[in-house]
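Participant: This one is target.txt, compact mmCIF, C-alpha atoms.
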# COMPACT_ATOMS: atom_id res chain seq x y z
CA MET A 1 24.19 16.74 -1.14
CA SER A 2 23.80 13.30 -2.73
CA THR A 3 20.18 12.48 -3.42
CA LEU A 4 18.47 9.18 -4.20
CA VAL A 5 15.44 9.56 -6.46
CA VAL A 6 13.25 6.47 -6.51
CA LEU A 7 10.79 6.24 -9.40
CA CYS A 8 7.96 3.75 -9.23
CA HIS A 9 5.71 3.65 -12.28
CA PRO A 10 5.29 0.82 -14.82
CA VAL A 11 4.84 3.08 -17.87
CA PRO A 12 7.97 4.97 -19.01
CA GLU A 13 5.96 7.67 -20.86
CA SER A 14 3.72 8.38 -17.84
CA PHE A 15 3.39 11.75 -16.13
CA VAL A 16 4.95 10.28 -12.99
CA ALA A 17 8.05 9.35 -14.99
CA ALA A 18 8.15 12.92 -16.33
CA VAL A 19 7.99 14.21 -12.75
CA ALA A 20 10.96 12.01 -11.79
CA THR A 21 12.93 13.27 -14.80
CA GLN A 22 12.13 16.84 -13.78
CA ALA A 23 13.16 16.13 -10.19
CA ALA A 24 16.48 14.61 -11.28
CA GLU A 25 17.13 17.52 -13.64
CA THR A 26 16.39 20.11 -10.98
CA LEU A 27 18.61 18.37 -8.45
CA ARG A 28 21.47 18.04 -10.93
CA ASP A 29 21.12 21.69 -11.78
CA ALA A 30 21.24 22.58 -8.11
CA GLY A 31 24.34 20.45 -7.61
CA ALA A 32 22.61 17.81 -5.48
CA GLU A 33 24.09 14.79 -7.28
CA PRO A 34 20.88 12.85 -7.92
CA ARG A 35 20.97 9.13 -8.52
CA LEU A 36 17.80 7.90 -10.23
CA LEU A 37 16.56 4.45 -9.29
CA ASP A 38 13.77 3.23 -11.60
CA LEU A 39 12.25 0.20 -9.88
CA TYR A 40 10.31 -1.01 -12.90
CA ALA A 41 13.13 -0.49 -15.40
CA ASP A 42 15.48 -2.34 -13.05
CA GLY A 43 13.01 -5.22 -12.81
CA PHE A 44 12.91 -5.03 -9.00
CA SER A 45 10.81 -7.76 -7.38
CA PRO A 46 8.43 -6.35 -4.74
CA THR A 47 8.27 -9.63 -2.84
CA ALA A 48 11.41 -11.60 -3.66
CA ALA A 49 14.35 -9.39 -4.59
CA SER A 50 17.74 -11.07 -4.38
CA THR A 51 19.94 -10.33 -1.40
CA ALA A 52 22.56 -8.76 -3.68
CA VAL A 53 20.03 -6.28 -5.11
CA VAL A 54 18.63 -5.40 -1.70
CA GLU A 55 22.13 -4.80 -0.34
CA GLU A 56 23.10 -2.66 -3.31
CA HIS A 57 20.00 -0.48 -2.85
CA ALA A 58 20.56 -0.31 0.90
CA GLU A 59 24.11 0.90 0.28
CA GLU A 60 22.83 3.66 -2.01
CA LEU A 61 20.32 4.72 0.61
CA ARG A 62 22.96 4.73 3.34
CA GLY A 63 25.09 7.06 1.28
CA ALA A 64 22.25 9.43 0.41
CA GLU A 65 21.57 12.68 2.19
CA ALA A 66 18.12 13.04 0.69
CA LEU A 67 15.49 10.62 -0.53
CA VAL A 68 12.92 11.59 -3.15
CA LEU A 69 10.12 9.10 -3.75
CA VAL A 70 8.19 9.63 -6.98
CA TYR A 71 5.11 7.43 -7.34
CA PRO A 72 1.41 7.35 -8.16
CA THR A 73 -0.96 7.08 -5.20
CA TRP A 74 -3.18 4.08 -5.84
CA TRP A 75 -6.02 3.22 -3.49
CA SER A 76 -4.84 6.06 -1.26
CA GLY A 77 -1.54 4.32 -0.59
CA LEU A 78 1.83 3.43 -2.02
CA PRO A 79 1.88 1.09 -5.03
CA ALA A 80 2.80 -2.50 -4.18
CA MET A 81 6.15 -2.12 -5.94
CA LEU A 82 7.28 0.81 -3.76
CA ALA A 83 5.82 -0.78 -0.61
CA GLY A 84 7.83 -3.89 -1.46
CA TRP A 85 10.99 -1.86 -1.99
CA LEU A 86 10.61 -0.12 1.36
CA GLU A 87 9.79 -3.37 3.12
CA GLN A 88 12.81 -5.20 1.76
CA VAL A 89 15.39 -2.42 1.63
CA VAL A 90 14.47 -0.26 4.62
CA ALA A 91 12.64 -2.66 6.94
CA GLY A 92 14.94 -5.58 6.12
CA GLY A 93 12.48 -8.11 4.74
CA SER A 94 9.11 -9.51 5.62
CA THR A 95 10.11 -12.02 8.29
CA PRO A 96 8.00 -11.39 11.39
CA ARG A 97 9.49 -9.74 14.43
CA PRO A 98 7.04 -9.84 17.30
CA GLY A 99 6.87 -6.94 19.68
CA ARG A 100 9.28 -4.08 19.10
CA PRO A 101 11.16 -5.10 16.01
CA GLU A 102 14.93 -5.11 16.41
CA THR A 103 15.23 -4.02 12.78
CA THR A 104 14.07 -0.57 13.83
CA ALA A 105 17.69 0.01 14.80
CA ALA A 106 18.92 -1.25 11.42
CA SER A 107 16.39 0.94 9.61
CA ARG A 108 17.46 3.98 11.63
CA ASP A 109 21.05 3.27 10.79
CA LEU A 110 20.20 3.06 7.09
CA LEU A 111 18.35 6.39 7.14
CA ALA A 112 20.80 8.15 9.45
CA ASN A 113 22.24 10.54 6.85
CA LEU A 114 18.95 11.82 5.50
CA ARG A 115 18.27 15.53 5.71
CA TYR A 116 14.94 15.32 3.98
CA VAL A 117 12.53 12.76 2.54
CA ALA A 118 10.31 14.07 -0.22
CA ALA A 119 7.25 12.26 -1.53
CA VAL A 120 6.19 13.48 -4.94
CA THR A 121 2.95 11.77 -5.84
CA THR A 122 -0.07 11.94 -8.12
CA HIS A 123 -3.66 11.24 -7.07
CA GLY A 124 -6.36 10.34 -9.59
CA SER A 125 -9.09 11.87 -7.48
CA SER A 126 -9.51 15.22 -5.77
CA LYS A 127 -8.06 16.34 -2.47
CA PHE A 128 -11.48 16.01 -0.86
CA VAL A 129 -11.99 12.39 -2.00
CA ASN A 130 -8.51 11.55 -0.75
CA ALA A 131 -9.29 13.04 2.63
CA VAL A 132 -12.43 10.88 2.81
CA GLN A 133 -10.42 7.85 1.76
CA GLY A 134 -8.03 8.32 4.65
CA GLU A 135 -4.73 9.31 2.96
CA ALA A 136 -3.03 6.05 3.90
CA GLY A 137 0.14 6.83 1.94
CA LEU A 138 0.70 10.12 3.75
CA HIS A 139 0.13 8.46 7.12
CA PHE A 140 2.58 5.70 6.27
CA LEU A 141 5.31 8.22 5.49
CA ARG A 142 4.52 10.62 8.31
CA HIS A 143 3.91 8.11 11.09
CA GLY A 144 5.53 4.91 9.84
CA MET A 145 8.74 5.86 8.08
CA HIS A 146 9.58 9.45 9.05
CA PRO A 147 9.97 8.61 12.77
CA LEU A 148 12.84 6.28 11.78
CA CYS A 149 14.71 9.17 10.17
CA PRO A 150 17.01 11.49 12.16
CA ALA A 151 15.28 14.09 14.31
CA ASP A 152 16.19 16.98 12.01
CA CYS A 153 15.13 15.18 8.84
CA ARG A 154 12.28 16.97 7.08
CA LEU A 155 9.33 15.33 5.41
CA VAL A 156 8.19 17.09 2.26
CA TRP A 157 4.85 16.22 0.69
CA LEU A 158 4.26 17.32 -2.89
CA ALA A 159 0.92 16.05 -4.17
CA PHE A 160 -0.77 16.45 -7.51
CA HIS A 161 -4.53 15.93 -7.14
CA SER A 162 -7.28 15.15 -9.66
CA SER A 163 -4.89 13.79 -12.26
CA ASP A 164 -7.78 11.91 -13.92
CA VAL A 165 -9.22 15.21 -15.12
CA SER A 166 -6.06 17.32 -15.26
CA SER A 167 -5.12 19.49 -18.21
CA MET A 168 -1.70 19.93 -19.78
CA ALA A 169 -1.43 23.30 -18.01
CA ASP A 170 -2.12 21.70 -14.60
CA ARG A 171 0.65 19.21 -15.21
CA ARG A 172 3.13 21.85 -16.33
CA ALA A 173 2.28 23.85 -13.24
CA PHE A 174 3.00 20.83 -11.06
CA LEU A 175 6.35 20.22 -12.77
CA ALA A 176 7.22 23.85 -12.08
CA ARG A 177 6.18 23.42 -8.46
CA VAL A 178 8.38 20.34 -8.08
CA ASP A 179 11.23 22.28 -9.64
CA ARG A 180 10.84 25.25 -7.26
CA ARG A 181 10.47 23.14 -4.16
CA LEU A 182 13.37 20.77 -4.78
CA ARG A 183 15.63 23.65 -5.78
CA ARG A 184 14.94 25.30 -2.45
CA LEU A 185 15.70 22.08 -0.59
CA ALA A 186 18.88 21.20 -2.46
CA MET B 1 -23.44 -15.64 1.73
CA ARG B 2 -21.02 -15.71 -1.20
CA VAL B 3 -17.65 -14.95 0.31
CA VAL B 4 -14.43 -14.14 -1.51
CA LEU B 5 -11.60 -14.90 0.87
CA VAL B 6 -8.35 -13.17 -0.03
CA LEU B 7 -5.37 -14.75 1.73
CA ALA B 8 -2.23 -12.67 2.13
CA ASP B 9 -0.93 -14.28 5.29
CA ASP B 10 2.53 -15.76 5.21
CA PRO B 11 2.36 -19.57 4.85
CA ALA B 12 6.00 -19.85 5.92
CA VAL B 13 5.21 -18.42 9.35
CA ASP B 14 3.49 -20.19 12.21
CA ASP B 15 0.51 -18.02 13.05
CA GLY B 16 -1.37 -20.52 15.18
CA GLY B 17 -3.34 -22.00 12.30
CA LEU B 18 -4.98 -18.72 11.27
CA ARG B 19 -5.84 -19.90 7.78
CA ARG B 20 -7.39 -23.10 9.10
CA SER B 21 -9.53 -21.34 11.68
CA VAL B 22 -10.77 -18.77 9.14
CA GLU B 23 -11.76 -21.49 6.71
CA ALA B 24 -13.35 -23.59 9.46
CA ALA B 25 -15.42 -20.66 10.75
CA LEU B 26 -16.68 -19.85 7.26
CA ALA B 27 -17.47 -23.51 6.54
CA SER B 28 -19.34 -23.96 9.82
CA ALA B 29 -21.81 -21.24 8.81
CA TYR B 30 -22.27 -22.81 5.36
CA HIS B 31 -20.95 -19.78 3.52
CA ASP B 32 -20.14 -20.28 -0.13
CA VAL B 33 -16.40 -19.55 -0.12
CA ASP B 34 -14.17 -18.69 -3.08
CA VAL B 35 -10.52 -18.60 -1.97
CA ILE B 36 -7.97 -16.35 -3.63
CA ASP B 37 -4.61 -17.36 -2.24
CA LEU B 38 -2.08 -14.70 -3.18
CA HIS B 39 0.83 -16.99 -2.33
CA ALA B 40 -0.34 -19.75 -4.66
CA GLY B 41 0.15 -19.60 -8.41
CA ASP B 42 2.14 -16.89 -10.12
CA PHE B 43 0.46 -13.73 -8.85
CA ASN B 44 2.62 -10.67 -9.45
CA PRO B 45 1.81 -7.85 -7.00
CA ALA B 46 3.32 -5.09 -9.13
CA MET B 47 1.03 -3.36 -11.62
CA THR B 48 2.45 -4.11 -15.07
CA ALA B 49 2.96 -1.67 -17.94
CA ALA B 50 0.37 -3.50 -20.07
CA GLY B 51 -2.09 -3.49 -17.16
CA ARG B 52 -1.56 0.22 -16.57
CA ARG B 53 -1.91 1.11 -20.25
CA ALA B 54 -5.20 -0.82 -20.38
CA TYR B 55 -6.39 0.76 -17.11
CA HIS B 56 -8.82 3.24 -18.66
CA SER B 57 -9.61 1.12 -21.72
CA GLY B 58 -12.72 -0.65 -20.46
CA GLU B 59 -10.94 -4.01 -20.58
CA PRO B 60 -8.33 -3.47 -17.88
CA LEU B 61 -7.69 -7.05 -16.72
CA VAL B 62 -5.36 -7.99 -19.56
CA GLU B 63 -2.81 -10.00 -17.62
CA PRO B 64 -3.48 -13.72 -17.15
CA ASP B 65 -2.67 -13.75 -13.42
CA VAL B 66 -5.49 -11.31 -12.58
CA ALA B 67 -7.93 -12.02 -15.44
CA ASP B 68 -10.33 -14.13 -13.38
CA PHE B 69 -10.21 -11.93 -10.25
CA GLY B 70 -12.65 -9.44 -11.82
CA PRO B 71 -15.63 -11.78 -12.25
CA ARG B 72 -14.86 -13.45 -8.91
CA VAL B 73 -14.94 -10.29 -6.79
CA SER B 74 -17.91 -8.99 -8.77
CA ALA B 75 -19.91 -12.07 -7.75
CA ALA B 76 -19.08 -11.63 -4.06
CA GLU B 77 -21.47 -10.56 -1.31
CA ALA B 78 -18.68 -10.44 1.26
CA LEU B 79 -14.98 -9.71 0.93
CA VAL B 80 -12.72 -11.11 3.65
CA PHE B 81 -9.05 -10.10 3.65
CA VAL B 82 -6.56 -12.00 5.79
CA TYR B 83 -3.07 -10.56 6.12
CA ARG B 84 0.03 -10.38 8.22
CA ALA B 85 1.02 -6.75 8.55
CA SER B 86 4.16 -5.42 6.96
CA TRP B 87 5.37 -2.45 9.08
CA THR B 88 1.92 -1.57 10.32
CA GLY B 89 -0.07 -1.88 7.11
CA MET B 90 -0.91 -4.23 4.29
CA PRO B 91 1.85 -6.43 2.87
CA PRO B 92 2.86 -5.52 -0.71
CA ARG B 93 1.22 -8.68 -2.01
CA LEU B 94 -2.20 -7.60 -0.76
CA LYS B 95 -1.72 -3.99 -1.86
CA GLY B 96 -0.86 -5.37 -5.29
CA PHE B 97 -4.09 -7.36 -5.32
CA VAL B 98 -6.07 -4.21 -4.52
CA ASP B 99 -4.16 -2.12 -7.11
CA ARG B 100 -4.59 -4.63 -9.88
CA THR B 101 -8.08 -6.03 -9.22
CA PHE B 102 -10.23 -3.06 -8.22
CA VAL B 103 -9.74 -1.28 -11.52
CA PRO B 104 -12.25 0.71 -13.59
CA GLY B 105 -14.96 -1.57 -14.90
CA VAL B 106 -14.57 -3.95 -11.94
CA GLY B 107 -14.25 -1.98 -8.72
CA PHE B 108 -15.71 1.27 -9.97
CA HIS B 109 -16.70 3.26 -13.04
CA LEU B 110 -15.25 6.63 -13.93
CA THR B 111 -17.33 9.09 -15.85
CA ASP B 112 -15.75 12.52 -16.35
CA GLY B 113 -13.55 11.91 -13.34
CA LYS B 114 -16.54 11.06 -11.14
CA LEU B 115 -16.43 7.79 -9.27
CA GLN B 116 -19.34 5.34 -9.36
CA ARG B 117 -19.56 2.21 -7.24
CA GLY B 118 -18.71 -1.03 -9.02
CA LEU B 119 -19.18 -3.65 -6.31
CA VAL B 120 -22.73 -2.83 -5.21
CA GLY B 121 -23.32 -6.52 -4.41
CA VAL B 122 -20.71 -6.45 -1.65
CA ARG B 123 -22.45 -5.95 1.70
CA ARG B 124 -19.69 -7.07 4.07
CA LEU B 125 -16.08 -5.94 4.24
CA THR B 126 -13.95 -7.78 6.77
CA ALA B 127 -10.23 -7.42 7.40
CA ILE B 128 -8.35 -9.89 9.59
CA ALA B 129 -4.85 -8.73 10.47
CA ILE B 130 -1.96 -10.07 12.49
CA HIS B 131 0.37 -7.31 13.66
CA ASP B 132 3.79 -8.08 15.08
CA ARG B 133 3.78 -4.64 16.67
CA SER B 134 1.78 -3.40 19.60
CA ARG B 135 -1.64 -1.83 19.23
CA SER B 136 -0.39 1.60 20.24
CA GLU B 137 2.30 1.50 17.60
CA VAL B 138 -0.20 0.47 14.93
CA LEU B 139 -2.60 3.22 15.99
CA ARG B 140 0.21 5.78 16.01
CA SER B 141 0.75 5.11 12.32
CA ARG B 142 -3.03 5.46 11.83
CA ASP B 143 -3.41 1.77 10.90
CA TYR B 144 -3.17 2.66 7.24
CA GLY B 145 -3.77 -0.94 6.04
CA ARG B 146 -7.13 -0.96 7.74
CA ARG B 147 -7.84 2.47 6.31
CA ILE B 148 -7.46 1.26 2.74
CA LEU B 149 -9.42 -1.96 3.15
CA LEU B 150 -12.28 -0.61 5.22
CA ARG B 151 -12.40 3.10 4.44
CA THR B 152 -11.13 3.68 0.91
CA MET B 153 -12.92 0.53 -0.27
CA ARG B 154 -16.10 1.86 1.24
CA LEU B 155 -16.46 4.16 -1.75
CA ILE B 156 -16.94 1.27 -4.20
CA VAL B 157 -19.05 -1.30 -2.32
CA ASN B 158 -22.72 -1.27 -1.38
CA ARG B 159 -23.79 1.87 0.47
CA ARG B 160 -25.01 -0.17 3.43
CA CYS B 161 -21.97 -2.38 3.66
CA ARG B 162 -21.08 -3.58 7.17
CA ARG B 163 -17.39 -3.35 8.01
CA ARG B 164 -15.50 -5.40 10.58
CA TYR B 165 -11.87 -5.44 11.66
CA VAL B 166 -10.38 -8.33 13.62
CA ALA B 167 -6.78 -7.85 14.66
CA LEU B 168 -4.19 -9.54 16.81
CA TYR B 169 -1.42 -7.24 18.05
CA ASP B 170 2.00 -7.90 19.53
CA THR B 171 2.61 -11.57 18.75
CA ARG B 172 5.38 -12.11 21.31
CA PRO B 173 4.69 -15.57 22.82
CA GLU B 174 4.60 -14.34 26.42
CA ARG B 175 2.04 -11.66 25.57
CA ALA B 176 -0.08 -13.50 23.10
CA ALA B 177 -2.01 -16.26 24.92
CA ALA B 178 -5.01 -14.31 26.26
CA ALA B 179 -5.06 -11.93 23.32
CA ARG B 180 -5.01 -14.85 20.94
CA ARG B 181 -8.03 -16.41 22.66
CA ARG B 182 -9.97 -13.16 22.35
CA PHE B 183 -8.85 -12.83 18.74
CA SER B 184 -10.05 -16.35 17.84
CA ALA B 185 -13.37 -15.82 19.58
CA LYS B 186 -13.99 -12.56 17.71
CA LEU B 187 -12.84 -14.13 14.46
CA ASP B 188 -15.43 -16.92 14.84
CA ARG B 189 -18.17 -14.49 15.81
CA VAL B 190 -17.53 -12.16 12.90
CA LEU B 191 -17.11 -14.82 10.23
CA VAL B 192 -20.02 -16.99 11.31
CA GLY B 193 -22.22 -13.92 11.56
CA LEU B 194 -21.35 -12.48 8.16
Take the structure in this file and express it as structure tokens.
Facilitator:
Amino acid sequence: MSTLVVLCHPVPESFVAAVATQAAETLRDAGAEPRLLDLYADGFSPTAASTAVVEEHAEELRGAEALVLVYPTWWSGLPAMLAGWLEQVVAGGSTPRPGRPETTAASRDLLANLRYVAAVTTHGSSKFVNAVQGEAGLHFLRHGMHPLCPADCRLVWLAFHSSDVSSMADRRAFLARVDRRLRRLA
Amino acid sequence: MRVVLVLADDPAVDDGGLRRSVEAALASAYHDVDVIDLHAGDFNPAMTAAGRRAYHSGEPLVEPDVADFGPRVSAAEALVFVYRASWTGMPPRLKGFVDRTFVPGVGFHLTDGKLQRGLVGVRRLTAIAIHDRSRSEVLRSRDYGRRILLRTMRLIVNRRCRRRYVALYDTRPERAAAARRRFSAKLDRVLVGL
């Protein structure tokens, strides 16, 4: 099962980057042919990516049977970089489409092969604070993007809370959890 | 009232003079307006590596394109966000502004992982959104742009902050006339009455 892993974090030595490395390693080990896309390392532009880049990424997504998004949750939502990637690659740009957007069909077509979408994300604050804040990122994936995926596509949510006060042991435990979960899915 | 107006609408798109009417409404009530236009200048919405490394350092606004945003939002009594929705939430440009501006030392203070309010002078939060999609579709996705601007942000502004949301849904021309009138009327009411 070919898998597209999208990493979105500016700092290469961050915990989020380590999570993406772990995810790719697990998937490779399980024979899921991961392809790692590092948006920052590739210098992707969240608002003005070239058509060639967008098409290349869209092609990768079309060929993928699973999509793993690895990112930090900032202000309870997706970072601007990942939001920009999804807007340009999946939603087909920011030009307005009043009423029911015709690109919904194009987005569906792009996501048609997906068997699962996994969001692997870190939160600085606790689960409680995130619930108070409204969990915008989760709602975007569950109610904005997941409905565009095929009916039997699963949405997997793997969240690491309280990263601001986490210990090394907490982080290792999360890496192990990511490993277990993705291995089961692959 | 000292208003910081954050513009993340799309200047390339005809939205019935939204920007003009927002500015006119604010001017008519003699508000002191500081405009941050995210389409002007060289604002980069993506958090940078240097910015992220400096995040917990006490001096987080290291990049020149966001350096003056800190003092500007700190001086505000009202924050007004204007945006055209991407999917059903904030456009990346506005999310980038939030990510990069409301950092520790500006938006909030972190002590032992506990959050303390940073913008206690802000007593009004207003979001003005234009959605291409219908209201039911926006509500189905839990209007997550509104959630971030009016609910998550609530944790860092003054405890008694008043929050207002003014939105126009479904911008198809044949649907929009009456809705647009109601939208403009509410926009005037909310902005004049800040």
Participant: Counting all atoms listed in the file, a student should be able to say which residues of chain B come within 7 Å of chain A; what is the right answer, written as number ranges by chain?
Facilitator: B: 45-49, 86, 92-93, 95-96, 99, 113, 132-134, 140-142, 144, 147-148, 151-152, 170-172
Participant: Provide the CA of Arg62 (chain A) to CA of Asp29 (chain A) distance in Å, to one decimal place.
Facilitator: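 So the two atoms, CA of Arg62 (chain A) and CA of Asp29 (chain A), lie 22.8 Å apart.
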Participant: Just to confirm, what's the straight-line distance from CA of Val117 (chain A) to CA of Leu37 (chain A) in Å (one decimal)?
Facilitator: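 CA of Leu37 (chain A) lies at a distance of 15.0 Å from CA of Val117 (chain A).
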Participant: Using only C-alpha atoms, which residue out of A:Ala23, A:Val120, A:Ala169, A:Val178 lies closest to Trp157 (chain A)?
Facilitator: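 Once distances to Trp157 (chain A) are computed over only C-alpha atoms, the minimum belongs to A:Val120.
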Participant: Find the residues near Thr126 (chain B): any atom within 9 Å, counting all atoms listed in the file, skip ones fewer than 5 places away on the same chain, and give them as a ChimeraX atom specification.
Facilitator: /B:78-82,149-150,162-166,190-191,194
Participant: Expressed in Å to a single decimal, how great is the separation between CA of His109 (chain B) and CA of Glu59 (chain B)?
Facilitator: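 Separation between CA of His109 (chain B) and CA of Glu59 (chain B): 12.0 Å.
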Participant: Which is closer to Ala66 (chain A) than all the others in A:Val5, A:Val16, A:Leu175, A:Val53, using all atoms listed in the file?
Facilitator: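 For Ala66 (chain A), the nearest of the candidates is A:Val5.
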Participant: Using only C-alpha atoms, list the residues that have an atom at most 12 Å from (-11.5, -22.0, 8.2), coordinates as in the file, as a PyMOL selection string.
Facilitator: chain B and resi 5+7+17-31+33+35+80+82+184+187-188+191-192
Participant: For region 17-25 of chain A, take all atoms listed in the file, fit an axis-aligned box around them, add 3 Å to each of the six sides, then output centre and edge lengths in Å rounded to one decimal, as JSON.
Facilitator:
{"center_x": 12.6, "center_y": 13.4, "center_z": -13.3, "size_x": 15.1, "size_y": 14.2, "size_z": 12.1}
Participant: Identify, on the basis of all atoms listed in the file, every residue whose closest approach to Phe102 (chain B) does not exceed 9 Å; exclude the query and any residue fewer than 3 positions from it along the same chain; express the result as a PDB file with C-alpha atoms, keeping the file's coordinate frame.
Facilitator:
ATOM      1  CA  TRP A  75      -6.020   3.220  -3.490  1.00  0.00           C
TER       2      TRP A  75
ATOM      3  CA  GLY B  70     -12.650  -9.440 -11.820  1.00  0.00           C
ATOM      4  CA  VAL B  73     -14.940 -10.290  -6.790  1.00  0.00           C
ATOM      5  CA  PHE B  97      -4.090  -7.360  -5.320  1.00  0.00           C
ATOM      6  CA  VAL B  98      -6.070  -4.210  -4.520  1.00  0.00           C
ATOM      7  CA  ASP B  99      -4.160  -2.120  -7.110  1.00  0.00           C
ATOM      8  CA  GLY B 105     -14.960  -1.570 -14.900  1.00  0.00           C
ATOM      9  CA  VAL B 106     -14.570  -3.950 -11.940  1.00  0.00           C
ATOM     10  CA  GLY B 107     -14.250  -1.980  -8.720  1.00  0.00           C
ATOM     11  CA  PHE B 108     -15.710   1.270  -9.970  1.00  0.00           C
ATOM     12  CA  GLY B 118     -18.710  -1.030  -9.020  1.00  0.00           C
ATOM     13  CA  ILE B 156     -16.940   1.270  -4.200  1.00  0.00           C
TER      14      ILE B 156
END
Participant: Need the shell around Asp65 (chain B): protein/DNA/RNA residues with any atom at most 8 Å away, counting all atoms listed in the file. Skip same-chain ones fewer than 4 positions apart. Format as a count of residues only?
Facilitator: 3
Participant: Within 8 Å of Ala24 (chain A), counting all atoms listed in the file, which residues show up once you throw out same-chain ones fewer than 4 positions away? Write them as a list in words, please.
Facilitator: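 Contacts, in chain order: Val5, Ala20, Arg28, Pro34, Arg35 and Leu36 of chain A.
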Participant: From the set B:Leu94, B:Val66, B:Asp32, B:Leu61, which residue has the shortest atom-to-atom contact distance to Val6 (chain B), counting only C-alpha atoms?
Facilitator: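 Using only C-alpha atoms, Val6 (chain B) sits closest to B:Leu94.
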Participant: Which residues, written as a list of chain:residue names, have at least one atom at most 12 Å from Arg172 (chain A), with all atoms listed in the file counted and residues fewer than 6 positions away on the same chain left out?
Facilitator: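 The contact residues come out as A:Phe15, A:Ala18, A:Val19, A:Gln22, A:Phe160, A:Ser166, A:Val178, A:Asp179.
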Participant: So, counting all atoms listed in the file, which residue among B:Val157, B:Ala8, B:Met1, B:Ala76 is closest to Gln116 (chain B)?
Facilitator: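 Nearest candidate to Gln116 (chain B) out of B:Val157, B:Ala8, B:Met1, B:Ala76: B:Val157.
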Participant: Could you add all heavy atoms to region 32-37 of chain B and give me the result as an mmCIF file, in the frame of the given file?
Facilitator:
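Result written to out_2.cif:
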data_model
loop_
_atom_site.group_PDB
_atom_site.id
_atom_site.type_symbol
_atom_site.label_atom_id
_atom_site.label_comp_id
_atom_site.auth_asym_id
_atom_site.auth_seq_id
_atom_site.Cartn_x
_atom_site.Cartn_y
_atom_site.Cartn_z
ATOM 1 N N ASP B 32 -20.657 -19.793 1.139
ATOM 2 C CA ASP B 32 -20.140 -20.280 -0.130
ATOM 3 C C ASP B 32 -18.820 -19.543 -0.370
ATOM 4 O O ASP B 32 -18.818 -18.349 -0.649
ATOM 5 C CB ASP B 32 -21.204 -19.952 -1.188
ATOM 6 C CG ASP B 32 -20.734 -20.240 -2.581
ATOM 7 O OD1 ASP B 32 -19.676 -20.876 -2.730
ATOM 8 O OD2 ASP B 32 -21.437 -19.828 -3.522
ATOM 9 N N VAL B 33 -17.691 -20.238 -0.168
ATOM 10 C CA VAL B 33 -16.400 -19.550 -0.120
ATOM 11 C C VAL B 33 -15.573 -19.755 -1.391
ATOM 12 O O VAL B 33 -15.385 -20.879 -1.851
ATOM 13 C CB VAL B 33 -15.564 -20.024 1.097
ATOM 14 C CG1 VAL B 33 -14.273 -19.220 1.199
ATOM 15 C CG2 VAL B 33 -16.368 -19.883 2.377
ATOM 16 N N ASP B 34 -15.081 -18.647 -1.932
ATOM 17 C CA ASP B 34 -14.170 -18.690 -3.080
ATOM 18 C C ASP B 34 -12.831 -18.151 -2.582
ATOM 19 O O ASP B 34 -12.735 -16.989 -2.171
ATOM 20 C CB ASP B 34 -14.756 -17.803 -4.190
ATOM 21 C CG ASP B 34 -13.830 -17.728 -5.394
ATOM 22 O OD1 ASP B 34 -12.868 -18.509 -5.474
ATOM 23 O OD2 ASP B 34 -14.090 -16.864 -6.268
ATOM 24 N N VAL B 35 -11.814 -19.002 -2.560
ATOM 25 C CA VAL B 35 -10.520 -18.600 -1.970
ATOM 26 C C VAL B 35 -9.574 -18.065 -3.042
ATOM 27 O O VAL B 35 -9.354 -18.702 -4.068
ATOM 28 C CB VAL B 35 -9.847 -19.802 -1.265
ATOM 29 C CG1 VAL B 35 -8.526 -19.380 -0.645
ATOM 30 C CG2 VAL B 35 -10.774 -20.391 -0.221
ATOM 31 N N ILE B 36 -9.048 -16.878 -2.792
ATOM 32 C CA ILE B 36 -7.970 -16.350 -3.630
ATOM 33 C C ILE B 36 -6.710 -16.324 -2.770
ATOM 34 O O ILE B 36 -6.584 -15.501 -1.865
ATOM 35 C CB ILE B 36 -8.301 -14.919 -4.140
ATOM 36 C CG1 ILE B 36 -9.535 -14.965 -5.056
ATOM 37 C CG2 ILE B 36 -7.098 -14.341 -4.893
ATOM 38 C CD1 ILE B 36 -9.955 -13.619 -5.603
ATOM 39 N N ASP B 37 -5.825 -17.264 -3.030
ATOM 40 C CA ASP B 37 -4.610 -17.360 -2.240
ATOM 41 C C ASP B 37 -3.489 -16.644 -2.995
ATOM 42 O O ASP B 37 -3.032 -17.115 -4.027
ATOM 43 C CB ASP B 37 -4.260 -18.843 -2.025
ATOM 44 C CG ASP B 37 -3.032 -19.017 -1.138
ATOM 45 O OD1 ASP B 37 -2.364 -17.996 -0.846
ATOM 46 O OD2 ASP B 37 -2.746 -20.155 -0.744
#
